[in-house]
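> My file is entry_34.cif. It has mmCIF, C-alpha atoms:
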data_start
loop_
_atom_site.label_atom_id
_atom_site.label_comp_id
_atom_site.auth_asym_id
_atom_site.auth_seq_id
_atom_site.Cartn_x
_atom_site.Cartn_y
_atom_site.Cartn_z
CA MET A 1 30.31 28.56 40.21
CA VAL A 2 30.55 28.65 43.99
CA LYS A 3 32.26 31.75 45.32
CA LYS A 4 35.33 30.83 47.29
CA LYS A 5 34.76 31.83 50.89
CA GLY A 6 37.76 32.88 52.87
CA ARG A 7 38.67 31.58 56.29
CA ALA A 8 35.87 32.27 58.79
CA SER A 9 38.32 34.03 61.09
CA GLU A 10 39.19 36.41 58.29
CA ARG A 11 35.62 37.50 57.73
CA SER A 12 35.47 39.24 61.10
CA LEU A 13 37.92 40.80 63.53
CA ILE A 14 38.64 37.42 65.14
CA CYS A 15 41.77 37.46 63.00
CA VAL A 16 42.99 40.42 65.05
CA ILE A 17 42.64 38.50 68.30
CA GLN A 18 44.31 35.48 66.77
CA ALA A 19 47.19 37.67 65.65
CA LEU A 20 47.65 38.70 69.28
CA VAL A 21 48.17 35.10 70.44
CA GLY A 22 51.37 34.88 72.43
CA MET A 23 51.29 38.49 73.56
CA LYS A 24 50.57 39.87 76.99
CA VAL A 25 47.14 41.50 76.96
CA LEU A 26 44.66 42.90 79.41
CA VAL A 27 41.10 41.65 79.00
CA GLU A 28 38.30 43.67 80.53
CA LEU A 29 35.14 41.70 81.15
CA LYS A 30 31.58 42.92 81.27
CA ASN A 31 31.53 42.66 85.05
CA ASP A 32 34.50 45.09 85.21
CA VAL A 33 36.95 42.36 86.17
CA THR A 34 40.31 42.71 84.43
CA VAL A 35 42.49 39.76 83.52
CA LYS A 36 46.11 40.37 82.60
CA GLY A 37 48.16 37.59 81.08
CA VAL A 38 49.50 35.93 77.98
CA LEU A 39 46.90 35.21 75.32
CA GLU A 40 47.26 31.52 74.61
CA GLU A 41 44.36 30.70 72.34
CA CYS A 42 41.37 32.27 70.66
CA ASP A 43 38.55 30.59 68.77
CA LEU A 44 35.90 31.82 66.36
CA GLY A 45 33.52 32.64 69.18
CA MET A 46 36.18 34.88 70.76
CA ASN A 47 36.48 32.40 73.64
CA ILE A 48 40.01 32.85 74.92
CA VAL A 49 42.52 31.07 77.09
CA ILE A 50 44.86 33.23 79.15
CA LYS A 51 48.03 31.81 80.66
CA ASP A 52 49.57 33.07 83.93
CA ALA A 53 46.62 35.31 84.52
CA ILE A 54 46.28 37.95 87.19
CA GLN A 55 42.62 38.68 87.74
CA GLU A 56 41.71 41.94 89.45
CA ASN A 57 38.21 42.88 90.48
CA LEU A 58 36.72 46.33 91.12
CA GLN A 59 37.79 46.29 94.76
CA GLY A 60 41.38 45.74 93.64
CA ILE A 61 41.62 42.16 94.89
CA LYS A 62 44.06 40.24 92.74
CA THR A 63 44.03 36.50 92.10
CA GLU A 64 46.72 34.56 90.29
CA LEU A 65 45.59 31.79 88.01
CA ALA A 66 47.82 29.59 85.90
CA LEU A 67 45.31 29.03 83.13
CA MET A 68 42.03 30.80 82.57
CA PHE A 69 39.25 30.28 80.04
CA ILE A 70 37.09 33.29 79.28
CA GLN A 71 33.89 32.97 77.35
CA GLY A 72 33.80 35.32 74.40
CA ARG A 73 30.42 36.76 75.28
CA ARG A 74 31.74 38.04 78.58
CA ILE A 75 34.46 40.18 77.05
CA ARG A 76 34.09 43.93 76.85
CA PHE A 77 37.55 45.15 75.85
CA ILE A 78 40.90 43.64 75.00
CA HIS A 79 43.67 46.16 75.61
CA ILE A 80 46.37 45.74 73.00
CA PRO A 81 49.99 46.65 73.85
CA LYS A 82 51.03 50.00 72.44
CA SER A 83 53.96 48.52 70.52
CA VAL A 84 51.77 46.28 68.39
CA ASN A 85 50.80 47.44 64.92
CA VAL A 86 47.48 45.69 64.41
CA SER A 87 47.41 45.57 60.61
CA ASP A 88 51.02 44.36 60.39
CA ALA A 89 50.37 41.70 63.02
CA VAL A 90 47.32 40.43 61.15
CA GLU A 91 49.19 40.30 57.83
CA ALA A 92 52.14 38.54 59.47
CA GLN A 93 49.78 35.94 60.93
CA ARG A 94 48.20 35.36 57.50
CA GLU A 95 51.63 34.95 55.95
CA ARG A 96 52.61 32.39 58.59
CA ILE A 97 49.44 30.41 57.92
CA ARG A 98 50.00 30.58 54.16
CA LYS A 99 53.58 29.33 54.50
CA ALA A 100 52.47 26.53 56.80
CA GLU A 101 49.81 25.52 54.29
CA VAL A 102 52.34 25.49 51.46
CA MET A 103 54.75 23.35 53.44
CA TYR A 104 51.97 20.97 54.42
CA THR A 105 50.72 20.46 50.88
CA GLN A 106 54.27 19.96 49.68
CA ALA A 107 54.91 17.36 52.33
CA MET A 108 51.66 15.64 51.46
CA GLY A 109 52.69 15.39 47.82
CA GLY A 110 50.74 18.33 46.43
CA PRO A 111 51.82 20.65 43.61
CA GLY A 112 55.44 21.61 43.91
CA ALA A 113 56.15 18.56 46.02
CA SER A 114 58.40 16.76 43.57
CA SER A 115 60.58 19.80 42.97
CA LYS A 116 60.85 20.44 46.68
CA ARG A 117 61.81 16.82 47.30
CA ARG A 118 64.44 16.94 44.59
CA GLU A 119 65.91 20.10 46.13
CA SER A 120 66.23 18.67 49.58
CA GLY A 121 67.46 15.32 48.31
CA MET A 122 64.60 13.22 49.61
CA ASP A 123 64.06 11.10 46.57
CA ASP A 124 62.79 7.70 47.54
CA GLN A 125 60.36 8.74 50.18
CA ALA A 126 56.63 8.95 49.75
CA GLY A 127 54.80 11.97 51.10
CA PRO A 128 52.33 11.02 53.85
CA SER A 129 54.25 8.16 55.36
CA GLN A 130 56.96 10.58 56.44
CA ILE A 131 54.71 12.50 58.72
CA MET B 1 107.80 14.46 76.78
CA GLU B 2 111.29 15.04 75.37
CA GLY B 3 113.68 17.51 76.47
CA GLU B 4 114.06 19.80 79.28
CA ARG B 5 117.23 20.46 77.33
CA ARG B 6 117.47 24.13 76.68
CA ARG B 7 118.89 25.80 73.70
CA GLU B 8 121.65 28.02 74.89
CA GLY B 9 122.71 31.28 73.41
CA ILE B 10 119.21 32.36 72.50
CA ASP B 11 120.17 35.99 72.19
CA GLY B 12 123.04 35.13 69.94
CA SER B 13 125.86 35.12 72.44
CA GLY B 14 127.85 31.95 72.90
CA GLY B 15 126.54 30.25 69.78
CA ARG B 16 124.53 27.07 69.66
CA ALA B 17 124.99 24.40 72.28
CA ALA B 18 126.17 21.05 71.10
CA GLU B 19 123.37 18.88 72.41
CA VAL B 20 120.25 20.46 71.08
CA ASP B 21 117.47 18.03 70.44
CA PRO B 22 116.65 18.29 66.68
CA ALA B 23 112.95 18.15 67.59
CA LEU B 24 113.37 21.37 69.53
CA ASP B 25 115.72 23.05 67.11
CA PHE B 26 113.66 25.70 65.29
CA PHE B 27 115.94 25.58 62.28
CA SER B 28 116.09 21.83 61.84
CA GLU B 29 113.97 19.76 59.51
CA LEU B 30 112.96 17.48 62.35
CA PHE B 31 111.46 20.34 64.33
CA ASP B 32 108.43 19.14 66.28
CA PRO B 33 106.17 22.14 67.13
CA LEU B 34 104.03 20.20 69.56
CA CYS B 35 107.05 19.11 71.46
CA ALA B 36 108.39 22.64 71.48
CA LEU B 37 105.10 24.02 72.83
CA TYR B 38 105.19 21.60 75.70
CA THR B 39 108.79 22.36 76.55
CA VAL B 40 108.90 24.79 79.44
CA GLY B 41 111.08 27.82 78.93
CA LEU B 42 111.81 27.21 75.27
CA GLN B 43 111.92 30.48 73.35
CA PRO B 44 111.72 30.91 69.58
CA PRO B 45 114.74 32.51 67.85
CA ALA B 46 113.11 35.94 67.77
CA PRO B 47 110.58 36.02 70.64
CA ARG B 48 109.48 39.62 70.06
CA VAL B 49 108.31 39.05 66.49
CA GLN B 50 104.57 39.56 65.89
CA PRO B 51 103.00 36.16 65.17
CA LEU B 52 101.11 35.74 61.90
CA ASP B 53 97.35 35.24 61.92
CA ASN B 54 97.19 32.23 59.70
CA LEU B 55 99.23 29.98 57.48
CA ASN B 56 98.30 31.90 54.35
CA LYS B 57 100.18 34.93 55.61
CA CYS B 58 103.24 32.77 55.90
CA ARG B 59 103.34 32.28 52.16
CA ARG B 60 105.14 35.55 51.59
CA ILE B 61 108.18 34.59 53.61
CA ILE B 62 108.72 30.95 52.79
CA PRO B 63 111.30 30.28 50.07
CA GLU B 64 110.08 30.02 46.48
CA VAL B 65 111.18 26.42 46.13
CA VAL B 66 108.51 25.36 48.58
CA PRO B 67 105.33 24.56 46.59
CA GLU B 68 103.13 26.60 48.96
CA SER B 69 105.01 29.81 48.34
CA LEU B 70 103.33 32.80 46.76
CA ALA B 71 105.54 32.65 43.73
CA ASN B 72 103.82 29.46 42.66
CA VAL B 73 100.36 30.99 42.70
CA ALA B 74 98.98 31.75 39.26
CA PRO B 75 98.54 35.49 38.66
CA ARG B 76 94.99 36.78 38.85
CA VAL B 77 93.31 36.96 35.49
CA PRO B 78 91.55 40.28 34.89
CA ARG B 79 87.79 39.92 34.61
CA SER B 80 86.39 39.62 31.17
CA GLN B 81 83.90 42.11 29.78
CA GLU B 82 81.22 39.42 29.65
CA SER B 83 81.64 38.68 33.32
CA ILE B 84 81.37 42.36 34.22
CA ALA B 85 78.34 42.80 31.99
CA ALA B 86 76.67 39.77 33.53
CA GLN B 87 77.20 41.18 37.02
CA GLN B 88 75.66 44.53 36.01
CA ARG B 89 72.65 42.76 34.63
CA ALA B 90 72.25 40.76 37.83
CA LYS B 91 72.43 43.92 39.95
CA ALA B 92 69.88 45.68 37.79
CA HIS B 93 67.67 42.63 38.06
CA LYS B 94 67.90 42.72 41.84
CA SER B 95 66.77 46.32 42.13
CA VAL B 96 63.99 45.60 39.67
CA ARG B 97 63.01 42.63 41.78
CA LEU B 98 62.97 44.70 44.96
CA ALA B 99 60.87 47.38 43.32
CA ALA B 100 58.43 44.74 42.10
CA ALA B 101 58.20 43.27 45.61
CA ALA B 102 57.48 46.71 47.09
CA GLU B 103 54.80 47.33 44.48
CA LYS B 104 53.24 43.95 45.22
CA GLU B 105 53.24 44.74 48.93
CA ARG B 106 51.40 47.99 48.25
CA GLY B 107 48.96 46.36 45.89
CA LYS B 108 48.24 43.39 48.18
CA GLU B 109 44.83 43.53 49.68
CA LYS B 110 45.06 43.97 53.41
CA ILE B 111 42.55 41.81 55.24
CA LEU B 112 41.41 44.65 57.51
CA ASP B 113 40.56 46.75 54.46
CA LYS B 114 38.72 43.82 52.97
CA ILE B 115 36.62 43.28 56.05
CA ALA B 116 35.83 46.99 56.20
CA ALA B 117 34.85 46.97 52.54
CA SER B 118 32.42 44.10 53.10
CA CYS B 119 30.38 46.48 55.25
CA GLY B 120 30.42 49.20 52.61
CA GLU B 121 26.68 49.29 51.99
CA GLY B 122 23.96 49.97 54.48
CA PRO B 123 24.19 51.71 57.85
CA LEU B 124 27.70 50.43 58.51
CA ALA B 125 28.86 52.58 55.60
CA LEU B 126 29.28 55.34 58.18
CA LEU B 127 31.88 53.23 59.93
CA GLN B 128 33.47 52.46 56.61
CA ARG B 129 33.77 56.15 55.77
CA CYS B 130 35.31 56.98 59.13
CA TYR B 131 37.74 54.11 58.66
CA ALA B 132 38.70 55.20 55.16
CA GLN B 133 38.99 58.91 56.02
CA ARG B 134 40.65 58.23 59.39
CA ARG B 135 38.12 60.32 61.21
CA PRO B 136 37.75 60.07 64.96
CA VAL B 137 34.64 58.27 66.20
CA GLN B 138 32.75 58.45 69.43
CA VAL B 139 31.47 55.09 70.65
CA TYR B 140 28.83 54.77 73.34
CA THR B 141 29.18 51.61 75.39
CA ARG B 142 26.69 49.84 77.57
CA HIS B 143 26.58 47.72 80.65
CA ARG B 144 23.78 45.58 81.96
CA ARG B 145 21.82 48.45 83.47
CA GLY B 146 22.18 51.04 80.80
CA LEU B 147 24.61 53.44 79.25
CA ARG B 148 28.14 52.91 80.46
CA GLY B 149 30.02 55.73 78.83
CA THR B 150 31.70 57.00 75.73
CA ALA B 151 35.02 56.26 74.07
CA THR B 152 36.51 58.58 71.45
CA GLY B 153 39.27 57.31 69.24
CA PHE B 154 40.48 56.54 65.74
CA LEU B 155 39.05 53.53 63.97
CA LYS B 156 41.82 51.09 63.16
CA ALA B 157 39.54 48.17 62.24
CA PHE B 158 35.90 47.21 62.36
CA ASP B 159 33.58 44.45 61.18
CA LYS B 160 29.92 43.64 60.70
CA PHE B 161 29.43 42.84 64.38
CA CYS B 162 30.70 46.29 65.31
CA ASN B 163 33.80 44.79 66.87
CA LEU B 164 36.19 47.72 66.74
CA VAL B 165 39.87 48.35 67.16
CA LEU B 166 40.29 51.90 68.40
CA GLN B 167 43.50 53.85 68.77
CA ASP B 168 44.35 56.83 70.92
CA VAL B 169 41.18 56.54 72.97
CA GLU B 170 39.80 58.95 75.54
CA GLU B 171 37.24 57.06 77.55
CA SER B 172 34.80 58.49 80.04
CA TYR B 173 32.65 55.86 81.73
CA SER B 174 30.78 54.94 84.85
CA VAL B 175 31.42 52.01 87.10
CA LEU B 176 29.14 50.51 89.75
CA THR B 177 31.26 50.03 92.85
CA GLU B 178 30.57 49.52 96.53
CA ALA B 179 31.36 52.33 98.90
CA PRO B 180 31.25 52.13 102.68
CA ARG B 181 28.84 54.42 104.45
CA THR B 182 27.90 54.71 108.09
CA VAL B 183 24.21 54.27 108.81
CA TRP B 184 22.01 54.23 111.86
CA VAL B 185 20.70 50.76 112.43
CA LYS B 186 18.32 49.41 115.08
CA ALA B 187 20.32 47.24 117.49
CA GLY B 188 19.15 43.69 118.00
CA ALA B 189 17.40 43.84 114.68
CA GLY B 190 18.59 40.36 113.82
CA ARG B 191 22.27 41.29 113.87
CA GLY B 192 24.96 41.44 116.48
CA SER B 193 24.55 40.87 120.19
CA GLY B 194 21.26 41.81 121.73
CA ALA B 195 23.02 43.49 124.65
CA ALA B 196 21.37 46.83 124.13
CA GLY B 197 17.67 47.07 124.68
CA GLY B 198 15.36 46.86 121.72
CA GLY B 199 14.86 50.20 120.06
CA ALA B 200 18.38 51.60 120.67
CA ARG B 201 20.16 52.67 117.54
CA VAL B 202 23.83 52.07 116.71
CA GLN B 203 26.05 53.09 113.93
CA GLU B 204 27.16 50.52 111.43
CA GLU B 205 29.33 50.56 108.36
CA ARG B 206 27.71 49.11 105.33
CA LEU B 207 28.64 48.86 101.69
CA PHE B 208 26.34 50.67 99.35
CA PRO B 209 26.35 50.60 95.60
CA LYS B 210 27.80 53.77 94.14
CA LEU B 211 28.04 54.99 90.59
CA GLU B 212 31.59 56.17 90.02
CA HIS B 213 32.55 58.22 86.98
CA ARG B 214 36.01 57.61 85.61
CA LYS B 215 38.13 58.85 82.77
CA ARG B 216 41.11 57.19 81.15
CA HIS B 217 43.30 57.24 78.09
CA LEU B 218 44.01 54.04 76.19
CA ASN B 219 46.48 53.51 73.40
CA GLN B 220 44.85 50.60 71.60
CA VAL B 221 41.72 48.64 72.42
CA PHE B 222 39.68 45.94 70.82
CA VAL B 223 36.00 46.54 71.57
CA ARG B 224 33.62 43.61 71.31
CA GLY B 225 30.59 44.52 69.24
CA ASP B 226 27.85 43.70 71.68
CA ASN B 227 29.00 46.47 74.03
CA VAL B 228 28.49 49.12 71.38
CA VAL B 229 25.30 51.12 71.47
CA LEU B 230 26.01 54.02 69.17
CA VAL B 231 28.83 55.17 66.95
CA THR B 232 29.10 58.71 65.74
CA ALA B 233 31.76 60.68 63.90
CA ALA B 234 33.35 62.89 66.51
CA GLU B 235 34.93 66.30 66.35
CA ARG B 236 38.18 65.89 68.24
#
Spell out the structure here as structure tokens.


Amino acid sequence: MVKKKGRASERSLICVIQALVGMKVLVELKNDVTVKGVLEECDLGMNIVIKDAIQENLQGIKTELALMFIQGRRIRFIHIPKSVNVSDAVEAQRERIRKAEVMYTQAMGGPGASSKRRESGMDDQAGPSQI
Amino acid sequence: MEGERRREGIDGSGGRAAEVDPALDFFSELFDPLCALYTVGLQPPAPRVQPLDNLNKCRRIIPEVVPESLANVAPRVPRSQESIAAQQRAKAHKSVRLAAAAEKERGKEKILDKIAASCGEGPLALLQRCYAQRRPVQVYTRHRRGLRGTATGFLKAFDKFCNLVLQDVEESYSVLTEAPRTVWVKAGAGRGSGAAGGGARVQEERLFPKLEHRKRHLNQVFVRGDNVVLVTAAER
């Protein structure tokens, strides 16, 4: 019996970063450069994409960049806004993913699909061809 | 549009004029409200009366012979005991349902707890204990050249890579900056104009690396694991 492994992002704190997607964060890099902007994307290697970034170096020189990719290995800190409750954000993100998965499997004709179709009155349509 | 013809004697004096258009006569069967609205200066019989909000409120005043009158509405049947009992049951069920949902929420395994638990054995058990007991930790961070500084805060989350989420952090760290300093430099030593004779010394401003110590307070930070050198339970 193979043990069911969870999502790779949920086996480390990557899920926290992914829960912060869409929020304005300040990323501090290992070379003491700070990048402030909206977190657009984060992958399993903590590589991130920041939108509308303002990069500030130690001398205080600021640069505006529309889109910035930061390699995960270069990150030192990610400052999280004070208003964010980290555990709630992570649980909310998991719930969103779970709901999206449920809707996808229903649309694809998985378990619960027929009842869902009956409810919304979509009787003669096959699952995948709709999408 | 019909009629600029006015209805005379609106306030009752002088009686009704002979040529009143039936479409504009408020009391006639052929009364046309749209027409009346478009007629400039036409006043209803009692202009100061408060208008009713909707047609339903009109039901009280229309005569009983009219089918829409209130008199023709069937009287409300008092609710049966079964109906009342069924409603009580439904209400009780709702509170039970809410209580069950709250219990489920409490019992649901939070992912951060799960990740922390996966590091429960071995050296990381120290982190796990500080996480469970909400004890403050002191984290030593590094930069390329050596020890960077220390950050003291509460452990909100951690994992096997030592990625941490710290709250209420007091950080004291050092930063390598460049600071200008004036130095004596030999003129004509490859720089500037060779106007002065060789061997004369001039002052020049140069940037020198400087180790600056800084302190700051942070509300919430995510620390990437490879910056962590040492974690110890702190006394706050």

> Leaving out segment 109-124 of chain B and any residue of its chain fewer than 2 positions from it, which residues lie within 8 Å of it when counting only C-alpha atoms, given as a PDB file with C-alpha atoms, in the frame of the given file?


ATOM      1  CA  GLU A  10      39.190  36.410  58.290  1.00  0.00           C
ATOM      2  CA  ARG A  11      35.620  37.500  57.730  1.00  0.00           C
ATOM      3  CA  SER A  12      35.470  39.240  61.100  1.00  0.00           C
ATOM      4  CA  LEU A  13      37.920  40.800  63.530  1.00  0.00           C
ATOM      5  CA  SER A  87      47.410  45.570  60.610  1.00  0.00           C
ATOM      6  CA  VAL A  90      47.320  40.430  61.150  1.00  0.00           C
ATOM      7  CA  GLU A  91      49.190  40.300  57.830  1.00  0.00           C
TER       8      GLU A  91
ATOM      9  CA  GLY B 107      48.960  46.360  45.890  1.00  0.00           C
ATOM     10  CA  LEU B 126      29.280  55.340  58.180  1.00  0.00           C
ATOM     11  CA  LEU B 127      31.880  53.230  59.930  1.00  0.00           C
ATOM     12  CA  GLN B 128      33.470  52.460  56.610  1.00  0.00           C
ATOM     13  CA  TYR B 131      37.740  54.110  58.660  1.00  0.00           C
ATOM     14  CA  ALA B 157      39.540  48.170  62.240  1.00  0.00           C
ATOM     15  CA  PHE B 158      35.900  47.210  62.360  1.00  0.00           C
ATOM     16  CA  ASP B 159      33.580  44.450  61.180  1.00  0.00           C
ATOM     17  CA  LYS B 160      29.920  43.640  60.700  1.00  0.00           C
TER      18      LYS B 160
END

> When the PyMOL selection byres ((chain A and resi 27-32) around 10) is applied to the file above, which residues end up in the set, as a PyMOL selection string?

(chain A and resi 24-26+33-37+39+48+50+55-58+70-80) or (chain B and resi 142-144+175-177+221-223+227)

> I'd like to see the residues matched by the PyMOL selection byres ((chain A and resi 43) around 10) on this file, and ideally I'd get them as a list in words.

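So the PyMOL selection byres ((chain A and resi 43) around 10), applied here, picks out Ser9, Ile14, Cys15, Ile17, Gln18, Glu41, Cys42, Leu44, Gly45, Met46, Asn47, Ile48, Val49 and Gly72 of chain A.
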
> With all atoms listed in the file as the basis for distance, which of B:Arg79, B:Arg145, B:Arg224, B:His217 is at the shortest distance from chain A?

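Ranked by minimum distance to chain A, first place goes to B:Arg224.
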
> From the set B:Leu230, B:Ala187, B:Val165, B:Leu24, which residue has the shortest atom-to-atom contact distance to chain A, counting only C-alpha atoms?

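For chain A, the nearest of the candidates is B:Val165.
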
> Since I can't run it myself right now, could you work out what the PyMOL selection byres ((chain B and resi 184) around 10) selects here and report it as a list in words?

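Evaluating the PyMOL selection byres ((chain B and resi 184) around 10) on these coordinates yields Thr182, Val183, Val185, Lys186, Ala187, Ala200, Arg201, Val202, Gln203, Glu204 and Glu205 of chain B.
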
> From the list B:Cys130, B:Leu98, B:Leu211, B:Val231, which residue is nearest Asn163 of chain B when using only C-alpha atoms?

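Going through B:Cys130, B:Leu98, B:Leu211, B:Val231 one by one, the smallest distance to Asn163 of chain B is for B:Val231.
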
> Do you have the atom CA of Ala8 of chain A-atom CA of Arg98 of chain A distance handy?

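Distance between the two atoms: 15.0 Å.
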
> Counting all atoms listed in the file, which residue out of B:Leu42, B:Gln167, B:Thr232, B:Arg216 sits closest to chain A?

B:Gln167

> Mind giving me the straight-line distance from atom CA of Gly149 of chain B to atom CA of Glu170 of chain B in Å, one decimal?

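Taking atom CA of Gly149 of chain B and atom CA of Glu170 of chain B, their separation equals 10.8 Å.
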
> Can you tell me, as a ChimeraX atom specification, what residues are no more than 6 Å from Glu178 of chain B when counting all atoms listed in the file, ignoring any on the same chain fewer than 2 positions away?

/B:207-210

> Could you check the closest approach to Ala125 of chain B for each of B:Pro47, B:Arg206, B:Pro22, B:Cys162 and tell me which residue wins, using all atoms listed in the file?

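Result for the nearest residue to Ala125 of chain B: B:Cys162.
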
> Between atom CA of Glu171 of chain B and atom CA of Lys215 of chain B, what is the distance, to one decimal in Å?

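Rounded to one decimal, the two atoms are 5.6 Å apart.
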
> If I only have part of segment 205-221 of chain B, can you fill in N, CA, C and O atoms and write it as a short mmCIF file (atom, residue, chain, number, x, y, z; two decimals), in the coordinates of the input?


data_model
loop_
_atom_site.label_atom_id
_atom_site.label_comp_id
_atom_site.auth_asym_id
_atom_site.auth_seq_id
_atom_site.Cartn_x
_atom_site.Cartn_y
_atom_site.Cartn_z
N GLU B 205 28.77 50.28 109.69
CA GLU B 205 29.33 50.56 108.36
C GLU B 205 28.78 49.53 107.39
O GLU B 205 28.89 48.33 107.62
N ARG B 206 28.23 50.04 106.34
CA ARG B 206 27.71 49.11 105.33
C ARG B 206 28.20 49.53 103.96
O ARG B 206 28.51 50.70 103.74
N LEU B 207 28.24 48.56 103.07
CA LEU B 207 28.64 48.86 101.69
C LEU B 207 27.40 49.16 100.88
O LEU B 207 26.44 48.40 100.88
N PHE B 208 27.46 50.29 100.19
CA PHE B 208 26.34 50.67 99.35
C PHE B 208 26.81 50.78 97.91
O PHE B 208 27.92 51.21 97.65
N PRO B 209 25.95 50.43 97.00
CA PRO B 209 26.35 50.60 95.60
C PRO B 209 26.49 52.08 95.27
O PRO B 209 25.70 52.91 95.72
N LYS B 210 27.52 52.38 94.49
CA LYS B 210 27.80 53.77 94.14
C LYS B 210 28.21 53.84 92.68
O LYS B 210 29.01 53.02 92.20
N LEU B 211 27.68 54.80 91.99
CA LEU B 211 28.04 54.99 90.59
C LEU B 211 29.23 55.94 90.52
O LEU B 211 29.13 57.11 90.88
N GLU B 212 30.36 55.39 90.07
CA GLU B 212 31.59 56.17 90.02
C GLU B 212 31.91 56.53 88.58
O GLU B 212 31.89 55.66 87.70
N HIS B 213 32.21 57.80 88.34
CA HIS B 213 32.55 58.22 86.98
C HIS B 213 34.06 58.28 86.85
O HIS B 213 34.74 58.86 87.67
N ARG B 214 34.57 57.66 85.80
CA ARG B 214 36.01 57.61 85.61
C ARG B 214 36.37 58.03 84.20
O ARG B 214 35.56 57.94 83.27
N LYS B 215 37.62 58.47 84.08
CA LYS B 215 38.13 58.85 82.77
C LYS B 215 39.48 58.16 82.61
O LYS B 215 40.24 58.06 83.56
N ARG B 216 39.79 57.74 81.39
CA ARG B 216 41.11 57.19 81.15
C ARG B 216 41.48 57.33 79.69
O ARG B 216 40.62 57.51 78.83
N HIS B 217 42.80 57.19 79.45
CA HIS B 217 43.30 57.24 78.09
C HIS B 217 43.89 55.88 77.75
O HIS B 217 44.66 55.32 78.51
N LEU B 218 43.50 55.35 76.60
CA LEU B 218 44.01 54.04 76.19
C LEU B 218 44.70 54.17 74.85
O LEU B 218 44.23 54.91 73.98
N ASN B 219 45.78 53.43 74.68
CA ASN B 219 46.48 53.51 73.40
C ASN B 219 45.78 52.72 72.31
O ASN B 219 45.50 53.23 71.24
N GLN B 220 45.52 51.44 72.59
CA GLN B 220 44.85 50.60 71.60
C GLN B 220 43.90 49.67 72.31
O GLN B 220 44.31 49.00 73.26
N VAL B 221 42.66 49.61 71.86
CA VAL B 221 41.72 48.64 72.42
C VAL B 221 40.95 47.94 71.33
O VAL B 221 40.63 48.52 70.30
#
